>>> print(open('query_38.csv').read())   # CSV, C-alpha atoms (C1' of nucleotides)
chain,number,residue,atom,x,y,z
A,223,MET,CA,68.1,99.3,82.7
A,224,GLU,CA,68.4,95.6,83.3
A,225,ARG,CA,66.7,95.0,80.0
A,226,GLU,CA,69.0,97.3,78.1
A,227,SER,CA,72.1,95.4,79.4
A,228,GLU,CA,70.6,92.1,78.3
A,229,LEU,CA,70.1,93.5,74.8
A,230,THR,CA,73.6,94.8,74.8
A,231,ALA,CA,75.0,91.5,75.8
A,232,THR,CA,73.1,89.7,73.1
A,233,ALA,CA,74.3,92.0,70.5
A,234,ALA,CA,77.9,91.5,71.6
A,235,HIS,CA,77.5,87.8,71.2
A,236,SER,CA,76.2,87.8,67.7
A,237,TYR,CA,79.1,90.0,66.8
A,238,ALA,CA,81.5,87.7,68.6
A,239,VAL,CA,80.8,84.8,66.3
A,240,SER,CA,81.9,86.8,63.3
A,241,ASN,CA,84.8,88.7,64.8
A,242,MET,CA,86.3,87.1,67.9
A,243,ASN,CA,89.3,89.5,67.8
A,244,GLN,CA,87.0,92.4,68.8
A,245,PRO,CA,84.1,90.8,70.5
A,246,PHE,CA,82.5,94.0,71.8
A,247,SER,CA,81.2,97.1,70.1
A,248,ASP,CA,82.8,100.3,71.3
A,249,ALA,CA,79.9,101.1,73.5
A,250,GLN,CA,79.8,97.6,75.0
A,251,ARG,CA,83.5,97.7,75.7
A,252,ARG,CA,83.3,101.0,77.4
A,253,ASP,CA,80.4,99.7,79.6
A,254,PHE,CA,82.4,96.6,80.4
A,255,GLN,CA,85.5,98.6,81.4
A,256,ARG,CA,83.5,101.0,83.5
A,257,ALA,CA,81.7,98.2,85.4
A,258,LEU,CA,84.8,96.2,86.0
A,259,LEU,CA,86.9,99.2,87.2
A,260,ALA,CA,84.1,100.4,89.5
A,261,TRP,CA,83.8,96.9,91.0
A,262,TYR,CA,87.5,96.5,91.4
A,263,ARG,CA,88.0,99.9,93.1
A,264,ARG,CA,85.2,99.1,95.5
A,265,ASP,CA,85.8,95.5,96.4
A,266,LYS,CA,89.6,94.8,95.8
A,267,ARG,CA,91.7,93.2,98.4
A,268,THR,CA,94.4,95.1,100.2
A,269,LEU,CA,97.7,93.5,99.3
A,270,PRO,CA,101.2,94.6,100.0
A,271,TRP,CA,102.2,95.1,96.4
A,272,ARG,CA,99.1,97.2,95.5
A,273,ASP,CA,99.2,101.0,95.0
A,274,ILE,CA,102.9,101.3,95.9
A,275,ASP,CA,104.4,103.1,92.8
A,276,ASN,CA,107.6,101.0,92.7
A,277,PRO,CA,108.2,99.2,89.4
A,278,TYR,CA,110.9,97.0,91.0
A,279,ALA,CA,108.4,95.8,93.7
A,280,VAL,CA,105.8,95.2,91.0
A,281,LEU,CA,108.3,93.0,89.2
A,282,VAL,CA,109.2,91.0,92.3
A,283,SER,CA,105.5,90.5,93.1
A,284,GLU,CA,104.6,89.4,89.6
A,285,VAL,CA,107.5,86.8,89.5
A,286,MET,CA,106.5,85.5,93.0
A,287,LEU,CA,102.9,85.2,91.9
A,288,GLN,CA,103.7,83.0,88.9
A,289,GLN,CA,101.8,79.8,89.6
A,290,THR,CA,101.6,80.7,93.2
A,291,GLN,CA,98.7,81.8,95.3
A,292,VAL,CA,98.4,85.3,96.8
A,293,ALA,CA,98.2,84.0,100.4
A,294,THR,CA,101.4,82.1,100.0
A,295,VAL,CA,103.3,85.0,98.4
A,296,ILE,CA,102.5,87.7,101.0
A,297,PRO,CA,105.1,86.8,103.7
A,298,TYR,CA,107.8,86.0,101.1
A,299,PHE,CA,107.2,89.3,99.3
A,300,GLU,CA,107.6,91.3,102.6
A,301,ARG,CA,110.8,89.5,103.6
A,302,PHE,CA,112.3,89.7,100.2
A,303,LEU,CA,111.6,93.5,99.8
A,304,ALA,CA,113.0,94.1,103.3
A,305,ARG,CA,116.2,92.3,102.4
A,306,PHE,CA,116.6,93.4,98.8
A,307,PRO,CA,114.8,96.8,98.8
A,308,THR,CA,116.2,98.0,95.4
A,309,VAL,CA,117.1,96.5,92.1
A,310,GLU,CA,120.8,97.3,92.8
A,311,SER,CA,120.7,95.5,96.1
A,312,LEU,CA,119.2,92.4,94.5
A,313,ALA,CA,121.7,92.6,91.6
A,314,SER,CA,124.8,92.8,93.9
A,315,SER,CA,123.8,90.3,96.6
A,316,PRO,CA,125.1,86.7,96.8
A,317,THR,CA,122.9,84.3,94.8
A,318,ASP,CA,122.8,81.9,97.8
A,319,ASP,CA,121.2,84.7,99.8
A,320,VAL,CA,118.5,85.2,97.1
A,321,ILE,CA,117.8,81.5,97.0
A,322,HIS,CA,117.6,81.4,100.8
A,323,HIS,CA,114.8,84.0,100.7
A,324,TRP,CA,113.0,81.9,98.2
A,325,GLN,CA,113.1,78.6,100.1
A,326,GLY,CA,109.7,77.0,100.4
A,327,LEU,CA,108.2,79.1,97.6
A,328,GLY,CA,108.9,76.6,94.8
A,329,TYR,CA,110.0,77.0,91.2
A,330,TYR,CA,113.5,78.1,92.3
A,331,SER,CA,114.7,79.0,88.9
A,332,ARG,CA,112.4,82.1,89.4
A,333,ALA,CA,114.8,83.3,92.1
A,334,ARG,CA,117.9,82.9,89.9
A,335,ASN,CA,116.1,84.5,86.9
A,336,LEU,CA,114.9,87.4,89.0
A,337,GLN,CA,118.4,88.2,90.2
A,338,ASN,CA,119.7,87.9,86.6
A,339,ALA,CA,116.9,90.2,85.5
A,340,ALA,CA,118.0,92.7,88.2
A,341,ARG,CA,121.6,92.5,86.9
A,342,ALA,CA,120.4,93.1,83.4
A,343,VAL,CA,118.4,96.1,84.5
A,344,VAL,CA,121.4,97.6,86.2
A,345,GLU,CA,123.7,96.9,83.3
A,346,ARG,CA,121.5,97.5,80.3
A,347,PHE,CA,118.7,99.9,81.5
A,348,ASP,CA,120.6,102.1,83.9
A,349,GLY,CA,118.9,100.6,86.9
A,350,ILE,CA,115.4,101.5,85.7
A,351,ILE,CA,112.8,98.7,85.3
A,352,PRO,CA,111.8,99.0,81.6
A,353,ARG,CA,108.5,100.4,80.6
A,354,ASP,CA,108.0,98.7,77.3
A,355,VAL,CA,106.8,95.1,76.9
A,356,GLU,CA,109.5,94.5,74.3
A,357,GLN,CA,112.3,95.4,76.6
A,358,LEU,CA,110.7,93.6,79.6
A,359,LEU,CA,110.5,90.5,77.5
A,360,SER,CA,114.3,90.5,77.1
A,361,LEU,CA,114.7,89.9,80.9
A,362,PRO,CA,115.1,86.3,82.1
A,363,GLY,CA,112.0,84.9,83.8
A,364,VAL,CA,109.8,87.6,82.2
A,365,GLY,CA,107.3,86.2,79.7
A,366,ARG,CA,104.4,87.8,78.0
A,367,TYR,CA,102.2,87.8,81.1
A,368,THR,CA,104.7,89.3,83.4
A,369,ALA,CA,105.8,91.9,80.8
A,370,GLY,CA,102.3,93.1,80.3
A,371,ALA,CA,101.6,93.2,84.0
A,372,VAL,CA,104.7,95.3,84.8
A,373,SER,CA,104.1,97.6,81.9
A,374,SER,CA,100.5,98.3,82.7
A,375,VAL,CA,100.5,98.2,86.5
A,376,ALA,CA,103.8,100.0,87.1
A,377,TYR,CA,103.7,102.4,84.2
A,378,GLY,CA,100.1,102.7,83.0
A,379,GLU,CA,100.9,101.4,79.5
A,380,PRO,CA,97.8,99.8,77.8
A,381,ALA,CA,99.5,96.3,77.5
A,382,PRO,CA,97.3,93.2,77.8
A,383,ILE,CA,97.8,90.3,80.2
A,384,LEU,CA,96.6,86.7,80.1
A,385,ASP,CA,97.0,84.5,83.1
A,386,GLY,CA,94.9,81.6,84.5
A,387,ASN,CA,92.4,83.9,86.0
A,388,VAL,CA,91.9,86.0,82.9
A,389,MET,CA,91.7,82.8,80.8
A,390,ARG,CA,88.8,81.7,82.9
A,391,VAL,CA,87.0,85.0,82.8
A,392,LEU,CA,87.4,85.5,79.0
A,393,THR,CA,86.6,82.0,78.0
A,394,ARG,CA,83.3,82.3,80.0
A,395,LEU,CA,82.5,85.8,78.7
A,396,PHE,CA,82.7,84.7,75.1
A,397,CYS,CA,82.3,80.9,75.3
A,398,ILE,CA,85.8,80.3,73.8
A,399,GLU,CA,86.1,76.6,73.0
A,400,GLY,CA,89.3,74.6,72.9
A,401,ASN,CA,92.4,74.5,75.1
A,402,PRO,CA,93.0,78.1,76.3
A,403,LYS,CA,96.7,77.4,77.0
A,404,SER,CA,97.7,76.6,73.4
A,405,GLY,CA,96.7,76.9,69.8
A,406,LYS,CA,93.9,78.9,68.3
A,407,ALA,CA,92.0,79.5,71.5
A,408,HIS,CA,95.2,80.8,73.2
A,409,ARG,CA,95.9,83.2,70.3
A,410,ALA,CA,92.3,84.4,70.3
A,411,LEU,CA,92.4,85.1,74.1
A,412,TRP,CA,95.5,87.3,73.7
A,413,GLU,CA,93.8,89.3,71.0
A,414,ILE,CA,90.6,89.7,73.1
A,415,ALA,CA,92.7,90.8,76.1
A,416,GLU,CA,94.4,93.3,73.9
A,417,SER,CA,91.1,94.6,72.5
A,418,LEU,CA,89.6,95.1,76.0
A,419,VAL,CA,92.4,96.9,77.8
A,420,PRO,CA,91.6,100.6,78.1
A,421,ARG,CA,94.0,103.6,77.6
A,422,GLU,CA,92.8,104.9,80.9
A,423,SER,CA,93.8,102.9,84.0
A,424,PRO,CA,95.0,99.8,82.1
A,425,GLY,CA,96.7,98.5,85.3
A,426,ASP,CA,93.6,98.6,87.4
A,427,PHE,CA,91.6,97.1,84.6
A,428,ASN,CA,94.1,94.2,84.2
A,429,VAL,CA,94.3,93.5,87.9
A,430,GLY,CA,90.6,93.9,88.1
A,431,LEU,CA,90.1,91.0,85.5
A,432,MET,CA,92.4,88.8,87.6
A,433,GLU,CA,90.7,89.9,90.9
A,434,LEU,CA,87.3,89.0,89.3
A,435,GLY,CA,88.7,85.5,88.5
A,436,ALA,CA,90.1,85.1,92.0
A,437,LEU,CA,87.1,86.3,93.9
A,438,LEU,CA,83.9,85.8,91.9
A,439,CYS,CA,84.6,84.0,88.6
A,440,THR,CA,86.1,81.0,90.4
A,441,PRO,CA,86.7,77.5,88.9
A,442,THR,CA,83.9,75.5,90.6
A,443,LYS,CA,81.4,77.8,92.2
A,444,PRO,CA,81.3,81.1,90.5
A,445,SER,CA,79.3,83.9,92.2
A,446,CYS,CA,77.6,85.1,89.0
A,447,GLY,CA,74.9,86.9,91.1
A,448,ASP,CA,77.6,89.3,92.4
A,449,CYS,CA,79.4,89.7,89.1
A,450,PRO,CA,79.6,93.3,87.9
A,451,VAL,CA,79.8,92.1,84.2
A,452,SER,CA,77.4,89.2,84.3
A,453,THR,CA,75.2,90.9,81.7
A,454,HIS,CA,78.1,90.7,79.2
A,455,CYS,CA,78.7,87.0,79.9
A,456,LEU,CA,77.6,84.6,77.1
A,457,ALA,CA,78.3,81.5,79.2
A,458,ARG,CA,76.0,82.7,81.9
A,459,GLU,CA,73.3,83.4,79.3
A,460,ARG,CA,73.6,79.8,78.1
A,461,TYR,CA,73.9,78.3,81.7
A,462,GLU,CA,77.3,77.0,80.7
A,463,VAL,CA,79.6,78.9,83.0
A,464,THR,CA,81.3,75.9,84.5
A,465,GLN,CA,81.8,74.4,81.1
A,466,PHE,CA,84.7,76.9,80.6
A,467,PRO,CA,87.6,77.0,80.4
A,468,GLN,CA,88.0,73.7,78.5
A,469,LEU,CA,91.3,72.6,79.9
A,470,PRO,CA,92.9,69.4,78.6
A,471,PRO,CA,93.1,66.3,80.9
A,472,ARG,CA,96.1,66.2,83.2
A,473,PRO,CA,98.9,63.8,82.6
A,474,GLU,CA,98.7,60.7,84.8
A,475,THR,CA,100.6,60.9,88.1
A,476,VAL,CA,103.7,58.7,88.5
A,477,SER,CA,104.6,57.3,91.9
A,478,VAL,CA,108.3,57.2,92.8
A,479,GLU,CA,110.4,56.5,95.9
A,480,ASP,CA,113.3,58.6,97.1
A,481,ILE,CA,115.8,57.7,99.9
A,482,ALA,CA,117.6,60.4,101.8
A,483,VAL,CA,120.3,59.7,104.3
A,484,ILE,CA,121.6,61.6,107.3
A,485,VAL,CA,125.3,60.7,107.6
A,486,TRP,CA,126.7,61.6,111.0
A,487,LYS,CA,130.4,62.1,111.7
A,488,ASP,CA,131.7,63.7,114.8
A,489,GLY,CA,128.4,65.4,115.7
A,490,ARG,CA,127.9,66.8,112.2
A,491,PHE,CA,125.9,65.6,109.3
A,492,LEU,CA,126.4,65.8,105.5
A,493,LEU,CA,124.5,68.2,103.2
A,494,THR,CA,124.8,68.3,99.4
A,495,LYS,CA,123.9,71.2,97.2
A,496,ARG,CA,121.8,70.7,94.1
A,497,PRO,CA,123.2,71.6,90.7
A,498,VAL,CA,121.6,74.9,89.4
A,499,ASP,CA,120.1,73.3,86.3
A,500,LYS,CA,118.3,70.5,88.2
A,501,ARG,CA,115.2,70.3,90.3
A,502,TRP,CA,115.6,72.4,93.5
A,503,GLY,CA,118.7,74.0,91.9
A,504,GLY,CA,120.8,75.8,94.4
A,505,LEU,CA,119.1,74.3,97.4
A,506,TRP,CA,120.7,71.9,99.9
A,507,GLU,CA,119.5,68.5,100.9
A,508,LEU,CA,120.4,65.3,102.6
A,509,PRO,CA,122.1,63.0,100.1
A,510,ARG,CA,119.3,61.5,98.1
A,511,VAL,CA,118.7,59.1,95.3
A,512,ARG,CA,115.8,57.6,93.5
A,513,ARG,CA,115.1,54.0,94.4
A,514,LEU,CA,115.8,51.7,91.4
A,515,GLU,CA,113.6,48.8,90.4
A,516,GLY,CA,114.2,45.8,92.7
A,517,GLU,CA,116.6,47.8,94.9
A,518,SER,CA,116.1,47.6,98.7
A,519,LEU,CA,115.7,50.7,100.7
A,520,GLU,CA,118.9,49.9,102.6
A,521,ASP,CA,120.9,49.5,99.4
A,522,ALA,CA,119.6,52.8,98.0
A,523,ALA,CA,120.5,54.4,101.4
A,524,THR,CA,124.0,53.0,101.1
A,525,ARG,CA,124.3,54.2,97.5
A,526,ALA,CA,123.1,57.8,98.0
A,527,PRO,CA,126.1,59.2,99.9
A,528,MET,CA,128.6,57.3,97.7
A,529,GLN,CA,127.0,58.4,94.4
A,530,ARG,CA,126.5,62.0,95.4
A,531,CYS,CA,129.7,62.8,97.2
A,532,GLY,CA,131.9,59.7,97.4
A,533,VAL,CA,131.3,58.8,101.0
A,534,GLU,CA,131.1,55.2,102.3
A,535,VAL,CA,128.6,54.7,105.1
A,536,ARG,CA,127.1,52.0,107.3
A,537,VAL,CA,123.3,52.3,107.2
A,538,LYS,CA,121.6,52.0,110.6
A,539,GLU,CA,117.9,52.5,110.9
A,540,PRO,CA,115.0,54.3,109.1
A,541,PHE,CA,113.8,57.4,110.9
A,542,GLY,CA,110.7,58.4,109.0
A,543,ALA,CA,109.0,58.8,105.7
A,544,MET,CA,106.8,61.4,104.0
A,545,ARG,CA,104.9,62.1,100.9
A,546,HIS,CA,105.1,65.1,98.6
A,547,ALA,CA,104.3,66.0,95.1
A,548,VAL,CA,106.3,67.6,92.3
A,549,THR,CA,104.2,68.3,89.2
A,550,ARG,CA,103.0,64.9,88.1
A,551,TYR,CA,105.2,62.9,90.4
A,552,ARG,CA,104.0,61.6,93.8
A,553,ILE,CA,107.2,61.1,95.8
A,554,ARG,CA,107.5,58.9,98.9
A,555,LEU,CA,110.6,60.1,100.7
A,556,HIS,CA,112.3,57.7,103.1
A,557,GLY,CA,114.8,58.8,105.7
A,558,PHE,CA,117.7,56.7,107.0
A,559,VAL,CA,120.3,57.2,109.6
A,560,ALA,CA,123.9,56.2,108.7
A,561,GLU,CA,127.4,56.4,110.1
A,562,TRP,CA,130.4,57.7,108.1
A,563,VAL,CA,132.9,54.9,107.4
A,564,SER,CA,135.4,56.3,104.9
A,565,GLY,CA,135.9,58.8,102.1
A,566,GLU,CA,136.4,62.5,102.0
A,567,ALA,CA,133.1,64.1,101.0
A,568,SER,CA,133.5,65.8,97.6
A,569,ALA,CA,131.1,67.2,95.1
A,570,VAL,CA,130.8,64.3,92.7
A,571,GLU,CA,127.1,64.4,91.7
A,572,CYS,CA,126.2,67.7,93.3
A,573,GLU,CA,127.4,71.3,93.3
A,574,ALA,CA,128.9,71.4,96.8
A,575,VAL,CA,129.1,69.5,100.1
A,576,ALA,CA,129.1,70.6,103.7
A,577,TRP,CA,129.3,69.1,107.2
A,578,VAL,CA,126.8,70.9,109.3
A,579,GLU,CA,125.9,71.0,113.0
A,580,SER,CA,122.3,70.7,114.1
A,581,GLU,CA,122.4,74.3,115.4
A,582,GLY,CA,124.2,75.6,112.3
A,583,LEU,CA,121.5,74.7,109.8
A,584,GLU,CA,119.9,78.2,109.4
A,585,PRO,CA,122.1,79.5,106.5
A,586,TYR,CA,121.3,76.6,104.3
A,587,ALA,CA,118.3,76.8,102.0
A,588,LEU,CA,116.2,73.6,101.9
A,589,SER,CA,113.1,72.6,100.1
A,590,SER,CA,110.0,72.1,102.2
A,591,PRO,CA,110.1,68.3,102.2
A,592,GLN,CA,113.8,68.2,103.0
A,593,ARG,CA,113.3,70.7,105.8
A,594,LYS,CA,110.6,68.5,107.3
A,595,LEU,CA,112.6,65.3,106.9
A,596,LEU,CA,115.7,66.9,108.4
A,597,LYS,CA,113.7,68.1,111.4
A,598,LEU,CA,112.6,64.5,112.0
A,599,ALA,CA,116.2,63.3,111.7
A,600,ILE,CA,117.6,65.8,114.2
A,601,GLU,CA,114.8,65.1,116.7
A,602,GLU,CA,115.6,61.4,116.4
A,603,ALA,CA,119.3,62.1,117.0
A,604,ASP,CA,118.4,64.1,120.1
A,605,GLN,CA,116.2,61.3,121.4
A,606,ALA,CA,119.0,58.8,120.9
A,607,ARG,CA,121.5,60.9,122.8
A,608,LEU,CA,119.1,61.0,125.8
A,609,PHE,CA,119.2,57.2,126.0
A,610,GLN,CA,123.0,57.0,126.0
B,283,DA,C1',103.7,72.2,70.7
B,284,DA,C1',104.7,69.6,74.6
B,285,DG,C1',107.1,68.6,78.8
B,286,DC,C1',109.0,70.3,83.0
B,287,DC,C1',109.2,72.8,87.3
B,288,DG,C1',107.0,73.0,93.9
B,289,DG,C1',104.3,74.0,97.2
B,290,DG,C1',100.1,75.0,99.5
B,291,DG,C1',95.2,76.2,99.8
B,292,DA,C1',90.5,74.9,98.5
B,293,DT,C1',87.1,71.5,97.7
C,260,DA,C1',92.7,62.7,97.0
C,261,DT,C1',92.4,66.0,93.3
C,262,DC,C1',92.4,70.5,91.4
C,263,DC,C1',94.2,74.8,90.8
C,264,DC,C1',97.0,78.7,91.1
C,265,DA,C1',99.1,86.6,89.0
C,266,DG,C1',103.9,81.2,83.8
C,267,DG,C1',108.3,80.7,81.7
C,268,DC,C1',111.9,77.9,79.8
C,269,DT,C1',113.7,74.0,77.3
C,270,DT,C1',113.5,70.7,73.8
>>> encode(input="query_38.csv", output="structure tokens")
Amino acid sequence: MERESELTATAAHSYAVSNMNQPFSDAQRRDFQRALLAWYRRDKRTLPWRDIDNPYAVLVSEVMLQQTQVATVIPYFERFLARFPTVESLASSPTDDVIHHWQGLGYYSRARNLQNAARAVVERFDGIIPRDVEQLLSLPGVGRYTAGAVSSVAYGEPAPILDGNVMRVLTRLFCIEGNPKSGKAHRALWEIAESLVPRESPGDFNVGLMELGALLCTPTKPSCGDCPVSTHCLARERYEVTQFPQLPPRPETVSVEDIAVIVWKDGRFLLTKRPVDKRWGGLWELPRVRRLEGESLEDAATRAPMQRCGVEVRVKEPFGAMRHAVTRYRIRLHGFVAEWVSGEASAVECEAVAWVESEGLEPYALSSPQRKLLKLAIEEADQARLFQ
DNA sequence: AAGCCGGGGAT
DNA sequence: ATCCCAGGCTT
């Protein structure tokens, strides 16, 4: 039995060299599909979006899971579905409400795109999430991966998927060289994924491939001994599993400094709303600027409220600093306390402004670093009041 | 084809 | 600290 599998695997690989678009024989493919499905159905995790027969919920989960880990998504998914239970409710709700339910999850254009997709579904598809990849691709925020996932998982269509997990699994199975995210290797991977997906249970098969990548075929310490398809794996046969995928070097990180200011006036502080097409679009923040070369922190703190909303302030003291990362940028964020001096706050370099009480913050969506910084600022203000 | 977008968990 | 993650959009 063991020996037969080894032979099968070897045969697959000699074939793979000549025809990478269909790297398995029919018999090998069927054996692979059977082994993966059996493993997935036995060992899969229980997750809130699994086995629920609701294409809308599948779409929401897939968008939330883009570049975001399962554990992070779970509470967001549950709150989002409770608040927007149907595609119609999402389409007709205020965008600020949708962004608010996304705060802390990152990649905020996803939230805006998802609502626009819901509106397109209501207007163009009679409120039914499309079944075909082609129609799904016409929705904003839905690319080839998400379209394939919804089509196969929600409707049982034999559409392929290719995500980071599947890239890792497939490059190892067939020793695919080159950058799997672009060019020849990328195209080859899509064709392989297409050749593997079965007519029967394509959704479980696709999710099974991802689950394999998430649980066993992991980046650094793969558990090949527990892998249900290890006999099909060329990289394992060659002891080269961790040589794949061959990802390109990351761009160098850039260090920058931002200054955010809490401007107090009559017990309220100033928030500005980010433009929709910018980073953190639609979220609120303390007026913030990037520190210029040679500029002092205090000068930047004075500049921030003036530049963003035309308010002149007197900068008092720093109240804290924190680090966070945005893609390749490592940002040091400094907080300053300031008093309002003059100027009616208006949306100069932002989408909107608001004067907010400490207790009235809840309705405003903030990014995680801004939320942490603002928490420090309010604590500091409470302390200062105690000493008066 | 390459650059850009956030945040958190794992190592 | 660094890597990586159920990617898609813009240029």
>>> atom_distance(input="query_38.csv", atom1="atom CA of Asn276 of chain A", atom2="atom CA of Tyr262 of chain A")
20.6 Å
>>> atom_distance(input="query_38.csv", atom1="atom CA of Tyr551 of chain A", atom2="atom CA of Met528 of chain A")
25.1 Å
>>> closest_residue(input="query_38.csv", among="A:Asp385, A:Asp319, A:Asp273, A:Glu310", to="DC264 of chain C", atoms="all atoms listed in the file")
A:Asp385
>>> interface_residues(input="query_38.csv", of="chain A", to="chain B", cutoff="10 Å", atoms="all atoms listed in the file", output="PDB file with C-alpha atoms, in the frame of the given file")
ATOM      1  CA  GLN A 289     101.800  79.800  89.600  1.00  0.00           C
ATOM      2  CA  THR A 290     101.600  80.700  93.200  1.00  0.00           C
ATOM      3  CA  GLN A 291      98.700  81.800  95.300  1.00  0.00           C
ATOM      4  CA  ALA A 293      98.200  84.000 100.400  1.00  0.00           C
ATOM      5  CA  THR A 294     101.400  82.100 100.000  1.00  0.00           C
ATOM      6  CA  GLY A 326     109.700  77.000 100.400  1.00  0.00           C
ATOM      7  CA  LEU A 327     108.200  79.100  97.600  1.00  0.00           C
ATOM      8  CA  GLY A 328     108.900  76.600  94.800  1.00  0.00           C
ATOM      9  CA  TYR A 329     110.000  77.000  91.200  1.00  0.00           C
ATOM     10  CA  TYR A 330     113.500  78.100  92.300  1.00  0.00           C
ATOM     11  CA  SER A 331     114.700  79.000  88.900  1.00  0.00           C
ATOM     12  CA  SER A 404      97.700  76.600  73.400  1.00  0.00           C
ATOM     13  CA  GLY A 405      96.700  76.900  69.800  1.00  0.00           C
ATOM     14  CA  THR A 442      83.900  75.500  90.600  1.00  0.00           C
ATOM     15  CA  LYS A 500     118.300  70.500  88.200  1.00  0.00           C
ATOM     16  CA  ARG A 501     115.200  70.300  90.300  1.00  0.00           C
ATOM     17  CA  TRP A 502     115.600  72.400  93.500  1.00  0.00           C
ATOM     18  CA  HIS A 546     105.100  65.100  98.600  1.00  0.00           C
ATOM     19  CA  ALA A 547     104.300  66.000  95.100  1.00  0.00           C
ATOM     20  CA  VAL A 548     106.300  67.600  92.300  1.00  0.00           C
ATOM     21  CA  THR A 549     104.200  68.300  89.200  1.00  0.00           C
ATOM     22  CA  ARG A 550     103.000  64.900  88.100  1.00  0.00           C
ATOM     23  CA  SER A 589     113.100  72.600 100.100  1.00  0.00           C
ATOM     24  CA  SER A 590     110.000  72.100 102.200  1.00  0.00           C
ATOM     25  CA  PRO A 591     110.100  68.300 102.200  1.00  0.00           C
TER      26      PRO A 591
END
>>> atom_distance(input="query_38.csv", atom1="atom CA of Leu583 of chain A", atom2="atom CA of Trp324 of chain A")
16.1 Å
